[in-house]
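*Asks:* Here you go, one structure.
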Amino acid sequence: MTKKYTLNKMDSSSESSASKRFPQYLAALSVCLGSVAAGSVLGWTGTISESLQHSDLNGIPVDTDALGWISGFVTLGAMVICFPIGFICDGIGRKWACLLTIIPFSIGWALVIFSSGTLMIYIGRFLTGLAGGAFCVAAPLYTSEIAEKEIRGALGSYFQLLLTVGVLFSYVCGTVTTPKMLSILCAFIPIGFGVAFFFQPETPFYLLKKGDKEGALRSLQRLRGPDYDSEAELKDLQDQLDKSEQNKVSFSKALQTKAAKKAMFICFGLMVFQQLSGVNAVIFFMSMIFASAGGSIPAAYATIGVGVVQVIATFISSLIVDKFGRKILLIASAFFMAFSGTLLGVFFTLKDRNLVDEQTLQNIGFLPIVSMVIFITVFSLGFGPIPWMASSEIMPPEIKSTASSAAATFNWFLAFIVTRFYNNLASAIGGDVTFYLFAAITLVGCAFVYFVMPETKGKTSQEVQDILSGVRPGSADGKGIDNPTFKS
């Protein structure tokens, strides 16, 4: 009788816990509406590059070099904000740091809309990139701190999902409207985000860190529901903070631990392979890539089709990331990205080096679209969302804010190099060799993940740090732990 009662009680508790996850999903979706705004910035040039070169934006002449800077300034803006946004998140909170980005979003789009020369476009793109880059740090930080570990991966992937929705929004609107109207439509997105997210709570972890225990408890109760034992989770969070405070060390000293060094190496490595896969060259210049490849389908429509696939694939990723784990998704993603890049390179080799006749080219004209569909699909399943998620999951608490900001800065620096000089590189060595290069780097990334990346699915922050320190999670003796946070 007692055994039966216990089982029923456990089932009831489990159902109650699961049914109260809706507030967490709602908060994550609300903050990630800002990702739509960031995605619209990234996708802005996707289908209007030729229109810009035809002076369709306020009559401003734009050549190939200027087009590279229009794309490049977005990534420069994102790079510049990554360190400051970490301090801003710790100073005013994760929620208000996200809401603060509405200001540069709005000013940036206004400069683009009313631009009278390329300088105004550059500044506007820099400011919108700055706002978008801030989200790449603040939004994953917010979602990781509001989520239970069982759904942390799913909520973390919403950032990338809604980023792709924003990219698709720009692709579609850029095809059916003028560059100026596209900019006006994009300017309304951050305002909508502000209205939706304003009513969501601050993260319990931040409030507790600031000494507001009552506020942290209210936040937990709102996110977990009234029937959830919020006080127990609050106590666990407080214990983590107390332990971290007792063993508090300087950033430079914290970096000397085995866990910190390995976490930094992994996060920076993932950023390298994400950006040097050429993904931002594909997103920023997809229509131009399709146009240069030829084919019967108009470049703009092919670009929209790939954008739709990207959204669908990223949505699927949000459903499976906590089932299959981060590592297997990254390995599969890298392998098939390398395959698709090689496939596209082969097509450009046959076309640009006149190795086959025109009829053969028409017969294989589907290859660029197939290649891009595969590339974007597998990127969205793995190397799109997971590197950002990893920064929040594997960094030790002592260095998380600063180290995550450093990794994001590095990521955007690489994005600037790729987007600014992609056209120059393709002109210098050929489009085919450029994609072969991207594919080779991505294949190295596959090996990197297999040999270096630990699996973090379903693990607590302490368990992840134990793994990075070379200690079996849950071991009582602590042998081999050199991370002061987890010493007994």
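Residues are referred to by chain and number: the chain letter is A, B, ... according to the order shown in the structure tokens, the number counts from 1 in that chain, and ligands are numbered separately from 1 in the order shown.
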Extract, using only C-alpha atoms, all DNA, RNA and protein residues at most 10 Å from region 74-90 of chain A, discarding same-chain residues fewer than 5 positions from it, and format them as a PyMOL selection string.

*Replies:* chain A and resi 41-42+69+95-98+100-101+122-138+141-142+206+209-210+280+400-420

*Asks:* Which neighbours of Ala302 (chain A) fall inside 9 Å, counting only C-alpha atoms, when residues of the same chain fewer than 4 positions from it are skipped, and could you give them as a ChimeraX atom specification?

*Replies:* /A:286-287,290,297-298,306-307,369

*Asks:* Would you save the residues from that selection as a PDB file, in the first residue's frame, using N, CA and C atoms?

*Replies:*
```pdb
ATOM      1  N   MET A 286      23.687  35.111 -50.117  1.00  0.00           N
ATOM      2  CA  MET A 286      23.101  33.915 -50.706  1.00  0.00           C
ATOM      3  C   MET A 286      22.535  34.177 -52.095  1.00  0.00           C
ATOM      4  N   SER A 287      21.814  35.279 -52.249  1.00  0.00           N
ATOM      5  CA  SER A 287      21.216  35.601 -53.542  1.00  0.00           C
ATOM      6  C   SER A 287      22.289  35.791 -54.611  1.00  0.00           C
ATOM      7  N   PHE A 290      23.630  32.339 -55.634  1.00  0.00           N
ATOM      8  CA  PHE A 290      22.715  31.677 -56.564  1.00  0.00           C
ATOM      9  C   PHE A 290      22.750  32.337 -57.941  1.00  0.00           C
ATOM     10  N   ILE A 297      15.712  28.666 -61.482  1.00  0.00           N
ATOM     11  CA  ILE A 297      14.946  29.311 -60.414  1.00  0.00           C
ATOM     12  C   ILE A 297      15.563  30.665 -60.105  1.00  0.00           C
ATOM     13  N   PRO A 298      14.763  31.749 -60.089  1.00  0.00           N
ATOM     14  CA  PRO A 298      15.305  33.070 -59.750  1.00  0.00           C
ATOM     15  C   PRO A 298      16.037  33.042 -58.415  1.00  0.00           C
ATOM     16  N   VAL A 306      15.615  28.468 -49.249  1.00  0.00           N
ATOM     17  CA  VAL A 306      16.628  28.016 -48.297  1.00  0.00           C
ATOM     18  C   VAL A 306      16.354  28.612 -46.916  1.00  0.00           C
ATOM     19  N   GLY A 307      15.874  29.858 -46.885  1.00  0.00           N
ATOM     20  CA  GLY A 307      15.519  30.483 -45.607  1.00  0.00           C
ATOM     21  C   GLY A 307      14.409  29.738 -44.886  1.00  0.00           C
ATOM     22  N   ILE A 369      21.356  24.697 -55.211  1.00  0.00           N
ATOM     23  CA  ILE A 369      20.235  24.750 -54.277  1.00  0.00           C
ATOM     24  C   ILE A 369      20.293  23.576 -53.301  1.00  0.00           C
TER      25      ILE A 369
END
```

*Asks:* Just the residues within 7 Å of Ser391 (chain A), please, counting only C-alpha atoms, with nothing from its chain fewer than 3 positions along; format it as number ranges by chain.

*Replies:* A: 267, 387-388, 394-395, 404

*Asks:* Considering only alpha helix (DSSP H) as DSSP defines it on the backbone, what residues of region 231-326 of chain A qualify? List them as number ranges by chain.

*Replies:* A: 231-246, 251-254, 258-275, 279-293, 299-324, 326

*Asks:* Keeping C-alpha atoms, export the residues of the selection given above as a compact mmCIF listing (two decimals), in the first residue's frame.

*Replies:*
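Heads up, here's the output in result_1.txt:
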```
# COMPACT_ATOMS: atom_id res chain seq x y z
CA GLU A 231 12.40 27.42 -1.99
CA ALA A 232 14.42 24.21 -2.44
CA GLU A 233 15.75 25.36 -5.80
CA LEU A 234 16.46 28.79 -4.34
CA LYS A 235 18.50 27.13 -1.60
CA ASP A 236 20.49 25.20 -4.21
CA LEU A 237 21.18 28.43 -6.11
CA GLN A 238 22.24 30.15 -2.88
CA ASP A 239 24.55 27.26 -2.02
CA GLN A 240 26.19 27.57 -5.44
CA LEU A 241 26.66 31.31 -4.98
CA ASP A 242 28.01 30.89 -1.44
CA LYS A 243 30.43 28.23 -2.58
CA SER A 244 31.56 30.40 -5.46
CA GLU A 245 31.98 33.39 -3.13
CA GLN A 246 33.98 31.40 -0.59
CA PHE A 251 39.80 36.15 -13.37
CA SER A 252 43.46 35.48 -14.18
CA LYS A 253 43.75 32.93 -11.36
CA ALA A 254 40.46 31.27 -12.30
CA LYS A 258 42.06 22.87 -15.81
CA ALA A 259 38.29 23.28 -16.19
CA ALA A 260 38.57 26.95 -17.19
CA LYS A 261 41.35 26.34 -19.69
CA LYS A 262 39.49 23.49 -21.34
CA ALA A 263 36.18 25.40 -21.37
CA MET A 264 37.85 28.40 -23.03
CA PHE A 265 39.57 26.17 -25.58
CA ILE A 266 36.31 24.41 -26.45
CA CYS A 267 34.21 27.57 -26.70
CA PHE A 268 36.74 29.46 -28.81
CA GLY A 269 37.25 26.39 -30.99
CA LEU A 270 33.53 26.05 -31.64
CA MET A 271 33.36 29.73 -32.60
CA VAL A 272 36.23 29.25 -35.07
CA PHE A 273 34.57 26.34 -36.82
CA GLN A 274 31.14 27.98 -36.79
CA GLN A 275 32.31 31.13 -38.56
CA VAL A 279 27.91 30.47 -42.88
CA ASN A 280 27.71 34.26 -42.76
CA ALA A 281 29.03 34.55 -46.30
CA VAL A 282 26.15 32.27 -47.29
CA ILE A 283 23.54 34.22 -45.27
CA PHE A 284 24.70 37.70 -46.31
CA PHE A 285 25.32 36.92 -49.98
CA MET A 286 23.10 33.92 -50.71
CA SER A 287 21.22 35.60 -53.54
CA MET A 288 24.50 36.62 -55.19
CA ILE A 289 25.81 33.05 -54.85
CA PHE A 290 22.72 31.68 -56.56
CA ALA A 291 22.89 34.38 -59.24
CA SER A 292 26.52 33.52 -60.05
CA ALA A 293 25.61 29.82 -60.17
CA ALA A 299 18.02 33.73 -57.17
CA ALA A 300 15.68 35.60 -54.79
CA TYR A 301 13.15 32.75 -54.71
CA ALA A 302 15.89 30.16 -54.20
CA THR A 303 17.19 32.26 -51.30
CA ILE A 304 13.73 32.39 -49.71
CA GLY A 305 13.37 28.63 -50.13
CA VAL A 306 16.63 28.02 -48.30
CA GLY A 307 15.52 30.48 -45.61
CA VAL A 308 12.33 28.47 -45.05
CA VAL A 309 14.37 25.28 -44.76
CA GLN A 310 16.61 26.99 -42.20
CA VAL A 311 13.65 27.90 -39.99
CA ILE A 312 12.21 24.37 -40.17
CA ALA A 313 15.57 22.75 -39.43
CA THR A 314 16.21 25.05 -36.47
CA PHE A 315 12.75 24.24 -35.09
CA ILE A 316 13.53 20.52 -35.35
CA SER A 317 16.80 21.20 -33.54
CA SER A 318 14.88 22.72 -30.62
CA LEU A 319 12.94 19.45 -30.30
CA ILE A 320 15.89 17.05 -30.48
CA VAL A 321 18.78 18.89 -28.83
CA ASP A 322 17.86 17.49 -25.39
CA LYS A 323 17.22 14.01 -26.82
CA PHE A 324 20.29 13.35 -28.95
CA ARG A 326 25.02 18.38 -28.20
```

*Asks:* I'd like to know which of A:Leu344, A:Val249, A:Leu330, A:Ala28 is closest to Thr434 (chain A), using only C-alpha atoms.

*Replies:* A:Leu344

*Asks:* Near Pro226 (chain A), counting only C-alpha atoms, which residues have an atom at most 10 Å away, once you skip same-chain residues fewer than 6 positions from it, shown as a PyMOL selection string?

*Replies:* chain A and resi 20+218+220

*Asks:* Which residues come within 6 Å of Tyr171 (chain A), counting only C-alpha atoms, excluding same-chain residues fewer than 3 positions away, as a PyMOL selection string?

*Replies:* chain A and resi 46-47+168+174+304

*Asks:* Using only N, CA, C and O atoms, please write the residues we just selected to a file, as a PDB file, in the first residue's frame.

*Replies:*
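Produced file again_34.pdb, reproduced below:
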```pdb
ATOM      1  N   GLY A  46      20.504  39.963 -47.911  1.00  0.00           N
ATOM      2  CA  GLY A  46      20.360  38.664 -48.568  1.00  0.00           C
ATOM      3  C   GLY A  46      19.759  38.704 -49.949  1.00  0.00           C
ATOM      4  O   GLY A  46      20.266  38.064 -50.877  1.00  0.00           O
ATOM      5  N   THR A  47      18.670  39.461 -50.123  1.00  0.00           N
ATOM      6  CA  THR A  47      18.005  39.508 -51.431  1.00  0.00           C
ATOM      7  C   THR A  47      17.985  40.909 -52.045  1.00  0.00           C
ATOM      8  O   THR A  47      17.365  41.110 -53.098  1.00  0.00           O
ATOM      9  N   LEU A 168      14.738  35.072 -42.492  1.00  0.00           N
ATOM     10  CA  LEU A 168      13.730  34.767 -43.505  1.00  0.00           C
ATOM     11  C   LEU A 168      12.826  35.968 -43.752  1.00  0.00           C
ATOM     12  O   LEU A 168      12.452  36.258 -44.901  1.00  0.00           O
ATOM     13  N   GLY A 174      12.519  41.640 -48.612  1.00  0.00           N
ATOM     14  CA  GLY A 174      13.466  42.227 -49.543  1.00  0.00           C
ATOM     15  C   GLY A 174      13.158  41.864 -50.987  1.00  0.00           C
ATOM     16  O   GLY A 174      13.495  42.614 -51.916  1.00  0.00           O
ATOM     17  N   ILE A 304      14.864  32.522 -50.628  1.00  0.00           N
ATOM     18  CA  ILE A 304      13.726  32.392 -49.711  1.00  0.00           C
ATOM     19  C   ILE A 304      13.482  30.930 -49.365  1.00  0.00           C
ATOM     20  O   ILE A 304      13.229  30.579 -48.198  1.00  0.00           O
TER      21      ILE A 304
END
```

*Asks:* Name the residues in contact with region 181-184 of chain A at a cut-off of 9 Å, using only C-alpha atoms, excluding same-chain residues fewer than 3 positions from it; report them as an NGL selection string.

*Replies:* :A and (44 or 109-110 or 112-113 or 170 or 173-174 or 176-178 or 187-188)

*Asks:* For a quick check of understanding, using only C-alpha atoms, which of A:Gly39, A:Gly156, A:Gly278, A:Pro204 has the smallest distance to Phe421 (chain A)?

*Replies:* A:Gly278

*Asks:* Could you check which of A:Leu185, A:Val346, A:Ile191, A:Ala332 is closest to Phe383 (chain A), using only C-alpha atoms?

*Replies:*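 Closest residue, counting only C-alpha atoms: A:Ala332.
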
*Asks:* Could you check the closest approach to Val31 (chain A) for each of A:Asp212, A:Asp227, A:Glu202, A:Asp357 and tell me which residue wins, using only C-alpha atoms?

*Replies:* A:Glu202

*Asks:* Which of these, A:Ser35, A:Ser55, A:Gln221, A:Thr456, has the shortest distance to Tyr158 (chain A) once you count only C-alpha atoms?

*Replies:*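 Closest residue, counting only C-alpha atoms: A:Ser35.
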
*Asks:* Using only C-alpha atoms, which of A:Val356, A:Leu343, A:Leu207, A:Leu329 sits nearest Ile92 (chain A)?

*Replies:* A:Leu207

*Asks:* Report, in Å with one decimal, the straight-line distance from CA of Val433 (chain A) to CA of Val167 (chain A).

*Replies:* 26.7 Å

*Asks:* Which distance in Å separates CA of Ser116 (chain A) and CA of Ala37 (chain A), to one decimal?

*Replies:* 23.6 Å

*Asks:* Which residues, written as a list in words, have at least one atom at most 10 Å from Thr64 (chain A), with only C-alpha atoms counted and residues fewer than 6 positions away on the same chain left out?

*Replies:*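 After dropping sequence-adjacent residues, the list is Ser49, Glu50, Leu52, Gln53, Ile70, Asn423 and Asn424 of chain A.
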
*Asks:* Convert the current residue selection to file output with N, CA and C atoms, as a short mmCIF file (atom, residue, chain, number, x, y, z; two decimals), in the first residue's frame.

*Replies:*
```cif
data_model
loop_
_atom_site.label_atom_id
_atom_site.label_comp_id
_atom_site.auth_asym_id
_atom_site.auth_seq_id
_atom_site.Cartn_x
_atom_site.Cartn_y
_atom_site.Cartn_z
N SER A 49 21.00 42.83 -52.40
CA SER A 49 22.36 43.23 -52.76
C SER A 49 22.41 43.87 -54.14
N GLU A 50 21.74 43.26 -55.11
CA GLU A 50 21.72 43.81 -56.46
C GLU A 50 20.96 45.13 -56.50
N LEU A 52 20.75 47.31 -54.09
CA LEU A 52 21.64 48.32 -53.52
C LEU A 52 22.67 48.77 -54.54
N GLN A 53 23.19 47.83 -55.32
CA GLN A 53 24.18 48.18 -56.35
C GLN A 53 23.57 48.95 -57.51
N ILE A 70 29.04 47.38 -45.99
CA ILE A 70 27.67 47.39 -45.46
C ILE A 70 27.39 46.12 -44.66
N ASN A 423 33.84 38.26 -50.88
CA ASN A 423 33.82 38.59 -52.30
C ASN A 423 35.23 38.76 -52.86
N ASN A 424 36.12 39.38 -52.08
CA ASN A 424 37.50 39.55 -52.51
C ASN A 424 38.21 38.21 -52.65
#
```
